[in-house]
Structures are given as C-alpha cells and as structure tokens.
file coords15.cif (mmCIF, C-alpha atoms)
data_target
loop_
_atom_site.label_atom_id
_atom_site.label_comp_id
_atom_site.auth_asym_id
_atom_site.auth_seq_id
_atom_site.Cartn_x
_atom_site.Cartn_y
_atom_site.Cartn_z
CA MET G 1 145.30 117.24 203.99
CA SER G 2 142.14 118.25 202.21
CA ALA G 3 141.07 121.89 202.47
CA SER G 4 137.50 120.63 202.82
CA GLN G 5 138.27 118.89 206.11
CA THR G 6 136.73 120.39 209.20
CA GLN G 7 138.98 121.92 211.83
CA MET G 8 137.77 119.21 214.20
CA ARG G 9 138.94 116.47 211.84
CA ARG G 10 142.33 118.11 211.40
CA GLU G 11 142.72 118.28 215.17
CA VAL G 12 141.64 114.66 215.63
CA LEU G 13 144.29 113.60 213.13
CA GLU G 14 146.83 115.71 215.05
CA ILE G 15 146.22 113.77 218.29
CA PRO G 16 149.19 111.38 217.88
CA VAL G 17 151.55 114.30 217.20
CA ALA G 18 150.15 116.28 220.13
CA VAL G 19 150.67 113.34 222.49
CA ASP G 20 154.19 112.83 221.19
CA ARG G 21 154.91 116.52 221.82
CA LEU G 22 153.68 116.15 225.40
CA LEU G 23 155.87 113.07 225.92
CA GLN G 24 158.89 114.89 224.49
CA ASN G 25 158.43 118.10 226.48
CA GLY G 26 156.38 117.36 229.58
CA GLY G 27 158.63 115.00 231.51
CA ALA G 28 160.29 117.50 233.84
CA ASP G 29 156.97 118.99 235.01
CA ILE G 30 155.51 115.52 235.52
CA ALA G 31 158.55 114.34 237.51
CA ARG G 32 158.46 117.34 239.85
CA ALA G 33 154.75 116.96 240.53
CA ALA G 34 155.08 113.19 241.07
CA ASP G 35 157.94 113.75 243.56
CA ALA G 36 155.75 116.22 245.43
CA MET G 37 152.91 113.69 245.52
CA ARG G 38 155.19 111.01 246.95
CA ALA G 39 156.37 113.44 249.62
CA CYS G 40 152.75 114.33 250.40
CA ALA G 41 151.61 110.68 250.50
CA PRO G 42 147.95 111.71 250.19
CA ALA G 43 145.26 109.59 251.79
CA PHE G 44 142.87 111.02 249.21
CA MET G 45 142.76 113.42 246.28
CA VAL G 46 140.18 115.82 244.90
CA SER G 47 139.51 117.00 241.36
CA VAL G 48 138.26 120.34 240.06
CA ALA G 49 136.95 120.55 236.49
CA ARG G 50 133.93 121.01 234.26
CA GLY G 51 132.74 119.56 230.95
CA SER G 52 135.24 117.47 229.00
CA SER G 53 137.91 118.26 231.59
CA ASP G 54 135.69 116.75 234.27
CA HIS G 55 135.48 113.57 232.20
CA VAL G 56 139.29 113.48 232.28
CA ALA G 57 139.06 113.79 236.07
CA THR G 58 136.64 110.85 236.20
CA TYR G 59 139.08 108.76 234.16
CA LEU G 60 141.87 109.67 236.58
CA LYS G 61 139.66 108.85 239.55
CA TYR G 62 139.29 105.26 238.42
CA ALA G 63 142.94 105.05 237.38
CA SER G 64 144.17 106.28 240.77
CA GLU G 65 141.89 103.96 242.67
CA LEU G 66 142.89 100.94 240.57
CA LEU G 67 146.60 101.74 240.43
CA MET G 68 147.33 103.21 243.86
CA GLY G 69 144.25 102.56 245.97
CA THR G 70 143.93 106.32 246.49
CA PRO G 71 140.41 107.69 246.02
CA ILE G 72 139.69 110.89 244.10
CA ALA G 73 136.54 112.88 244.87
CA SER G 74 135.15 115.49 242.50
CA ILE G 75 134.44 118.85 244.14
CA GLY G 76 131.86 121.19 242.65
CA PRO G 77 133.62 124.48 241.88
CA SER G 78 130.55 126.38 243.07
CA VAL G 79 131.50 125.50 246.66
CA ALA G 80 134.19 128.17 246.42
CA SER G 81 132.94 130.54 243.72
CA ILE G 82 129.25 130.83 244.62
CA TYR G 83 128.94 129.57 248.19
CA HIS G 84 132.31 130.91 249.38
CA ARG G 85 132.89 127.90 251.63
CA LYS G 86 136.24 126.47 252.65
CA LEU G 87 137.10 122.77 252.78
CA ALA G 88 139.57 120.99 255.05
CA LEU G 89 141.94 119.40 252.55
CA ASP G 90 145.13 119.18 254.56
CA GLY G 91 147.41 116.41 253.30
CA SER G 92 145.47 115.85 250.07
CA VAL G 93 146.27 116.50 246.42
CA CYS G 94 144.03 118.69 244.28
CA LEU G 95 144.05 118.00 240.52
CA SER G 96 142.58 120.88 238.50
CA VAL G 97 141.93 120.30 234.81
CA SER G 98 141.15 123.19 232.46
CA GLN G 99 142.07 123.65 228.81
CA SER G 100 142.22 127.44 229.08
CA GLY G 101 142.97 127.77 232.79
CA LYS G 102 140.75 130.86 232.82
CA SER G 103 137.35 129.87 234.18
CA PRO G 104 136.89 131.87 237.40
CA ASP G 105 135.14 129.09 239.32
CA ILE G 106 137.89 126.55 238.58
CA VAL G 107 140.56 129.07 239.55
CA GLN G 108 138.80 129.99 242.79
CA MET G 109 138.32 126.36 243.78
CA ALA G 110 141.96 125.50 243.07
CA LYS G 111 143.06 128.52 245.11
CA MET G 112 140.78 127.53 247.99
CA ALA G 113 142.06 123.94 247.89
CA ARG G 114 145.66 125.13 248.17
CA GLU G 115 144.74 127.44 251.03
CA GLY G 116 142.93 124.50 252.65
CA GLY G 117 146.14 122.47 252.76
CA ALA G 118 146.08 120.57 249.47
CA LEU G 119 149.03 120.14 247.14
CA SER G 120 147.56 121.85 244.08
CA ILE G 121 148.42 120.52 240.60
CA ALA G 122 146.99 122.17 237.48
CA MET G 123 146.69 120.59 234.06
CA THR G 124 146.22 123.26 231.40
CA ASN G 125 147.14 124.12 227.84
CA ASP G 126 148.21 127.60 229.02
CA PRO G 127 151.01 127.48 231.62
CA ALA G 128 150.70 131.27 232.10
CA SER G 129 146.97 131.07 232.89
CA PRO G 130 145.34 132.23 236.13
CA LEU G 131 144.87 128.56 237.14
CA ALA G 132 148.60 127.93 236.83
CA GLN G 133 149.32 130.99 238.95
CA VAL G 134 147.30 129.70 241.93
CA SER G 135 148.73 126.15 241.78
CA ASP G 136 151.86 124.57 243.24
CA HIS G 137 152.64 122.67 240.05
CA THR G 138 151.47 123.11 236.45
CA LEU G 139 151.46 120.38 233.84
CA ASN G 140 151.59 122.03 230.43
CA LEU G 141 149.47 119.91 228.08
CA HIS G 142 151.53 120.83 225.01
CA ALA G 143 148.44 120.16 222.86
CA GLY G 144 149.06 123.15 220.62
CA PRO G 145 146.31 125.54 219.52
CA GLU G 146 142.86 123.95 219.44
CA LEU G 147 140.44 126.01 217.36
CA SER G 148 137.45 123.72 216.98
CA VAL G 149 134.86 124.30 219.70
CA ALA G 150 134.71 120.57 220.44
CA ALA G 151 137.75 119.63 222.53
CA THR G 152 139.67 116.64 221.18
CA LYS G 153 143.45 117.12 221.35
CA THR G 154 143.22 118.83 224.72
CA PHE G 155 141.03 116.07 226.16
CA VAL G 156 143.48 113.39 225.05
CA ASN G 157 146.56 115.29 226.21
CA SER G 158 144.90 116.01 229.56
CA ALA G 159 144.22 112.30 229.98
CA VAL G 160 147.77 111.40 228.99
CA ALA G 161 149.30 114.00 231.31
CA GLY G 162 147.16 112.73 234.17
CA ILE G 163 147.85 109.03 233.67
CA TRP G 164 151.55 109.80 233.19
CA LEU G 165 151.55 111.67 236.50
CA LEU G 166 149.97 108.65 238.20
CA ALA G 167 152.44 106.28 236.54
CA GLU G 168 155.40 108.32 237.77
CA TRP G 169 153.91 108.63 241.24
CA ALA G 170 153.41 104.85 241.34
CA GLU G 171 156.76 104.22 239.61
CA ASP G 172 154.93 101.66 237.46
CA ASP G 173 157.18 100.56 234.59
CA ALA G 174 154.48 98.66 232.67
CA LEU G 175 152.25 101.72 232.58
CA ARG G 176 155.18 103.99 231.69
CA SER G 177 155.96 101.75 228.72
CA ALA G 178 152.36 101.83 227.47
CA ILE G 179 152.33 105.62 227.74
CA ARG G 180 155.54 105.92 225.70
CA ASN G 181 153.92 103.78 223.00
CA LEU G 182 150.72 105.81 222.84
CA PRO G 183 151.57 107.93 219.75
CA ALA G 184 151.87 104.80 217.59
CA ALA G 185 148.64 103.35 218.97
CA LEU G 186 146.81 106.63 218.51
CA GLU G 187 147.98 106.90 214.90
CA LYS G 188 145.98 103.73 214.28
CA ALA G 189 143.09 104.77 216.52
CA VAL G 190 142.30 108.02 214.68
CA ARG G 191 141.97 106.02 211.42
CA ASN G 192 139.67 103.46 213.07
CA ASP G 193 136.44 105.43 212.66
CA TRP G 194 133.68 102.84 213.01
CA PRO G 195 131.60 103.34 209.82
CA GLU G 196 129.08 100.75 211.05
CA VAL G 197 128.13 103.06 213.92
CA ARG G 198 127.73 106.02 211.59
CA GLU G 199 125.40 103.97 209.39
CA ALA G 200 123.27 102.90 212.36
CA LEU G 201 122.84 106.51 213.46
CA ALA G 202 121.24 107.61 210.19
CA GLY G 203 117.84 109.06 211.04
CA ARG G 204 118.23 108.46 214.78
CA SER G 205 117.96 111.25 217.35
CA SER G 206 118.91 109.42 220.56
CA ILE G 207 121.64 107.04 221.70
CA PHE G 208 122.94 105.42 224.87
CA CYS G 209 126.67 105.44 225.59
CA LEU G 210 127.90 102.83 228.05
CA GLY G 211 131.14 102.27 229.94
CA ARG G 212 132.40 100.61 233.09
CA GLY G 213 135.30 101.62 235.31
CA THR G 214 137.79 103.80 233.45
CA THR G 215 135.63 103.78 230.32
CA ASN G 216 132.71 105.28 232.22
CA ALA G 217 134.57 108.57 231.76
CA ILE G 218 134.96 107.90 228.04
CA SER G 219 131.25 107.16 227.78
CA ASN G 220 130.50 110.50 229.45
CA GLU G 221 132.74 112.29 226.96
CA ALA G 222 131.17 110.43 224.03
CA ALA G 223 127.65 111.46 225.07
CA LEU G 224 128.73 115.09 225.38
CA LYS G 225 130.29 115.05 221.90
CA PHE G 226 127.18 113.51 220.32
CA LYS G 227 125.18 116.43 221.71
CA GLU G 228 127.78 119.08 220.85
CA THR G 229 128.63 118.05 217.33
CA CYS G 230 125.67 116.02 216.03
CA GLN G 231 122.65 117.38 217.92
CA ILE G 232 121.91 113.80 218.97
CA HIS G 233 120.37 113.32 222.39
CA ALA G 234 122.89 111.04 224.06
CA GLU G 235 122.89 109.70 227.60
CA SER G 236 125.85 108.06 229.32
CA TYR G 237 125.43 105.23 231.80
CA SER G 238 127.57 102.74 233.56
CA SER G 239 126.72 99.30 232.20
CA ALA G 240 126.08 98.41 235.85
CA GLU G 241 123.20 100.90 235.99
CA VAL G 242 121.58 101.01 232.56
CA LEU G 243 119.34 98.00 233.24
CA HIS G 244 117.94 99.60 236.41
CA GLY G 245 115.53 101.89 234.56
CA PRO G 246 117.01 103.66 231.54
CA VAL G 247 116.68 100.53 229.38
CA SER G 248 112.89 100.93 229.45
CA ILE G 249 113.05 103.52 226.65
CA VAL G 250 114.92 101.15 224.32
CA ASP G 251 112.90 100.06 221.30
CA GLY G 252 113.65 98.29 218.03
CA GLY G 253 116.79 99.67 216.45
CA PHE G 254 117.62 102.01 219.34
CA PRO G 255 121.38 102.66 219.02
CA VAL G 256 123.76 101.86 221.86
CA ILE G 257 127.54 102.12 221.89
CA ALA G 258 129.49 100.42 224.67
CA LEU G 259 133.10 101.41 225.20
CA GLY G 260 135.12 98.74 226.98
CA ALA G 261 138.80 98.47 227.86
CA LYS G 262 140.65 95.16 227.99
CA ASP G 263 140.27 94.84 231.74
CA GLU G 264 138.33 93.01 234.44
CA ALA G 265 135.15 94.96 233.63
CA GLU G 266 135.00 93.86 229.99
CA THR G 267 133.07 90.61 230.60
CA ALA G 268 130.39 92.32 232.66
CA LEU G 269 130.01 95.13 230.11
CA ALA G 270 129.73 92.62 227.25
CA ALA G 271 127.02 90.67 229.09
CA VAL G 272 124.91 93.82 229.54
CA THR G 273 125.30 94.86 225.91
CA ASP G 274 124.14 91.42 224.81
CA GLU G 275 121.11 91.68 227.07
CA ILE G 276 120.17 95.04 225.54
CA ALA G 277 120.73 93.71 222.02
CA ALA G 278 118.34 90.86 222.82
CA LYS G 279 115.65 93.48 223.45
CA GLY G 280 115.94 94.67 219.84
CA ALA G 281 118.42 97.52 220.21
CA THR G 282 121.24 98.07 217.71
CA VAL G 283 124.23 97.64 219.99
CA PHE G 284 127.93 98.09 219.28
CA ALA G 285 130.72 97.25 221.72
CA THR G 286 134.50 97.53 221.64
CA SER G 287 134.82 93.94 222.80
CA ASP G 288 135.21 90.54 221.20
CA LYS G 289 133.36 88.96 224.13
CA VAL G 290 129.89 89.94 222.88
CA GLN G 291 127.50 87.35 221.40
CA LYS G 292 124.47 89.40 220.29
CA ALA G 293 125.92 92.91 220.08
CA THR G 294 128.13 93.91 217.15
CA PRO G 295 131.83 94.00 218.04
CA LEU G 296 133.73 97.15 217.08
CA PRO G 297 137.44 97.00 216.26
CA ALA G 298 139.42 98.60 219.07
CA ILE G 299 143.06 99.62 219.09
CA ARG G 300 144.65 98.23 222.24
CA THR G 301 147.55 100.00 223.89
CA GLY G 302 149.23 97.22 225.88
CA HIS G 303 147.76 98.36 229.20
CA ALA G 304 144.18 98.46 230.44
CA LEU G 305 144.60 101.93 231.93
CA THR G 306 145.63 103.48 228.60
CA ASP G 307 143.10 101.62 226.43
CA PRO G 308 140.41 104.28 227.09
CA ILE G 309 142.60 106.94 225.47
CA ALA G 310 142.70 105.04 222.18
CA LEU G 311 138.95 104.43 222.40
CA ILE G 312 138.12 108.12 222.62
CA ALA G 313 140.44 108.89 219.69
CA SER G 314 138.49 106.46 217.50
CA PHE G 315 135.23 107.85 218.81
CA TYR G 316 136.25 111.40 217.91
CA ALA G 317 137.06 110.30 214.36
CA MET G 318 133.65 108.64 214.09
CA VAL G 319 131.58 111.44 215.62
CA GLU G 320 133.13 114.13 213.40
CA GLN G 321 132.11 112.17 210.31
CA THR G 322 128.66 111.55 211.79
CA ALA G 323 128.17 115.30 212.16
CA ALA G 324 129.28 115.90 208.58
CA ALA G 325 126.88 113.23 207.30
CA ARG G 326 124.04 115.05 209.10
CA GLY G 327 124.97 118.35 207.46
CA ILE G 328 126.28 119.86 210.71
CA ASN G 329 129.57 121.74 210.98
CA PRO G 330 131.16 120.35 214.18
CA ASP G 331 133.51 123.33 214.36
CA THR G 332 130.69 125.72 215.18
CA PRO G 333 128.07 123.95 217.34
CA ARG G 334 124.99 126.08 217.80
CA HIS G 335 124.78 128.08 221.05
CA LEU G 336 128.37 127.21 222.00
CA LYS G 337 131.73 129.00 222.12
CA LYS G 338 135.24 127.68 222.66
CA VAL G 339 135.88 128.86 226.22
CA THR G 340 133.06 129.06 228.74
CA GLU G 341 134.10 131.05 231.79
CA THR G 342 131.76 130.01 234.61
CA VAL G 343 131.54 132.09 237.77
#

call {"tool": "encode", "arguments": {"input": "coords15.cif", "output": "structure tokens"}}
result
Amino acid sequence: MSASQTQMRREVLEIPVAVDRLLQNGGADIARAADAMRACAPAFMVSVARGSSDHVATYLKYASELLMGTPIASIGPSVASIYHRKLALDGSVCLSVSQSGKSPDIVQMAKMAREGGALSIAMTNDPASPLAQVSDHTLNLHAGPELSVAATKTFVNSAVAGIWLLAEWAEDDALRSAIRNLPAALEKAVRNDWPEVREALAGRSSIFCLGRGTTNAISNEAALKFKETCQIHAESYSSAEVLHGPVSIVDGGFPVIALGAKDEAETALAAVTDEIAAKGATVFATSDKVQKATPLPAIRTGHALTDPIALIASFYAMVEQTAAARGINPDTPRHLKKVTETV
C-alpha cells in the first residue's frame, strides 16, 4: 500500500475486510436483536440518526418496507434534545445509528424512545458508548478505527449490520446468502472507481445525484461526500422528483450520476436519466437499460437489497480520487471534524 495514499483511500480499500470482520463477529448480537424484534412484532419502526448514519437509516427504511411491509419513520432528534417532548412509541422498534454513539441528541432520543415503549436497538462502532448504554440491544459495527473525517467503512458496516438484522428478522435465506457473499463483491466494488465520471467532473462545480427506492439513500450519501471531500455542490433527488423543477438548472454538460440497483425501480430510473441526457446533460447511470445516458459498470451482489452497498463502495473509490485530482485532501475537509456532537 503506497505511503502516498490518503487515509480515506486506505479505509475504502479496507471495506471488504471490515464487512468480513462484522460477519465473523456480529452474528450473536444480530440474532438476539432479531429474536427480540420477532417477539415485539412491531407495526412500525422509527429511526434516529444524523448525516451519513441517517442515510443508512433511509436505506433500511426502504429495505424494511420492501422486505417485511413494516414502515420506518425518521424522527428528528431535536424532538427530545431541544423540545423535550415525549412520543408514544409503545410496541415499535427504534433503530439508532451513530458511528461514535456519543452525540447527545441521538442518545437523548434513543433514551426517550425506550422510555416511550420502543424496543431500542443501537448500531455503533463503540459498544461501550453512551448510546449503547441507553439501548436494549447494541450491534457492534466491527468497522475498526476510522480516522478519515469522511465516513466510509462505518457507513458500509452500518448498512450491512442493518440489512443483516432485517434478513434475520425476516428469516430470508436468499438475502442471508447475499450478505454472506458481500466481502467478495465489495473487493471488486472498491476497485471499480468510474474514471469516466472523474473525467466529466473536471472543472465542474455542481452535480445532481439520483436514486430511486433503496438507492435514494445512496444518492443522498453520494451528494454529501461530493460536498465533504471535493467541495462540489451536489444535490440528491429521487429520479421520480428531479423532473418536477430541479432539472431546470441543467445546461449543456451538466453532470448527473444516477445510482440504480437491479430491482423494479431500475427501468424508471433509466428512463429519467435518458430524458435528462437528451437535454444536453452529461449523465452516468449504473444501469445497462439506458439509451442516451452513459452506463457505468456496477458490481451486483446477487440480491437487489444488497446492490446499493456495492454501489456506494464504488462511489467512495471514485470520489476520493476526484478530490485528489482537484488538489483537495479528503482526510481533512475544511470546517469539519470527525465527530460532531449535536445537542
């Protein structure tokens, strides 16, 4: 490994190993939490998170609704930490996602949810954190130390822990199999770094990121990372919404990246990307269904619900190199620090 590599790149390349470590060591925690969820039989779930962790929660929202028909609603942590309100959550499950497990507002909301009757499950890289202490169950992410400010390994391991929890709750063998095979798929994904996108971004200061369904969460994460690491103004939209107004700012060469899984939403996403490409934009899509947009090679995982995890791994590899090409150190984004503890 080259000494000149950024910390972010080293951590992106560690993603397959980090996921394998989670799969080797996280099973007992996952099984206990899944058993508790089956006993609870929730009519609904809630999520508590901010930033990249909230994008994980959005991914799990779609996954739960598609897999189990159980909706997940995102609760703003300020309801507990700033407004000091209580919510009636009896019979629900609360999923809290936090890399550090230290942010006071996340901890307070998770505590309030448990007191309000929810089964509280924390996903964190620190099983001794304050968040873990106020939760019924803790899923240790086993991501290992993450030093780069931009979260990569912890995002992926949070997503894997969450989808694994849902797979065990649903007792879905096809999804379990795809999860077990993720390290091999991710080894390919982190080497699949989309140089054509990097080339199109030269000299550009804005981009649209698109998704649909589970990849809407991945699009959100991609837009955040463009801002964090490249100082590119990026906006994330569902492909179902981008034509309703945002597309009006698209001009010749305007870059767009559409992240699609191999699922029922792929055809609709591809159709929208082609329509935007026809307006003169430079559009890339992880789909072979596009006609006018440029298809990007995507590593598929054998299951539509795990495809988004491989997509974000490839995106991370691409965006780190984009930052480097722009003379920006992605390890130390301006104005940012690793852990933001919001009250």

call {"tool": "resolve_selection", "arguments": {"input": "coords15.cif", "expression": "the PyMOL selection byres ((chain G and resi 306) around 9)", "output": "list in words"}}
result
Val160, Ile163, Leu175, Ala178, Ile179, Leu182, Ala261, Arg300, Thr301, Gly302, His303, Ala304, Leu305, Asp307, Pro308, Ile309 and Ala310 of chain G

call {"tool": "resolve_selection", "arguments": {"input": "coords15.cif", "expression": "the PyMOL selection byres ((chain G and resi 277) around 10)", "output": "NGL selection string"}}
result
:G and (250 or 252-256 or 271-276 or 278-284 or 290-294)

call {"tool": "resolve_selection", "arguments": {"input": "coords15.cif", "expression": "the PyMOL selection byres ((chain G and resi 122-134) around 8)", "output": "list in words"}}
result
Leu95, Ser96, Val97, Ser98, Gln99, Ser100, Gly101, Lys102, Ile106, Val107, Ala110, Lys111, Arg114, Ser120, Ile121, Ser135, Asp136, His137, Thr138, Leu139, Asn140, Leu141, His142, Ala143, Gly144, Thr154, Ser158, Ala161 and Gly162 of chain G

call {"tool": "closest_residue", "arguments": {"input": "coords15.cif", "among": "G:Tyr316, G:Trp194, G:Trp164, G:Phe226", "to": "G:Leu22", "atoms": "all atoms listed in the file"}}
result
G:Trp164

call {"tool": "atom_distance", "arguments": {"input": "coords15.cif", "atom1": "atom CA of G:Asp263", "atom2": "atom CA of G:Leu296"}}
result
16.2 Å
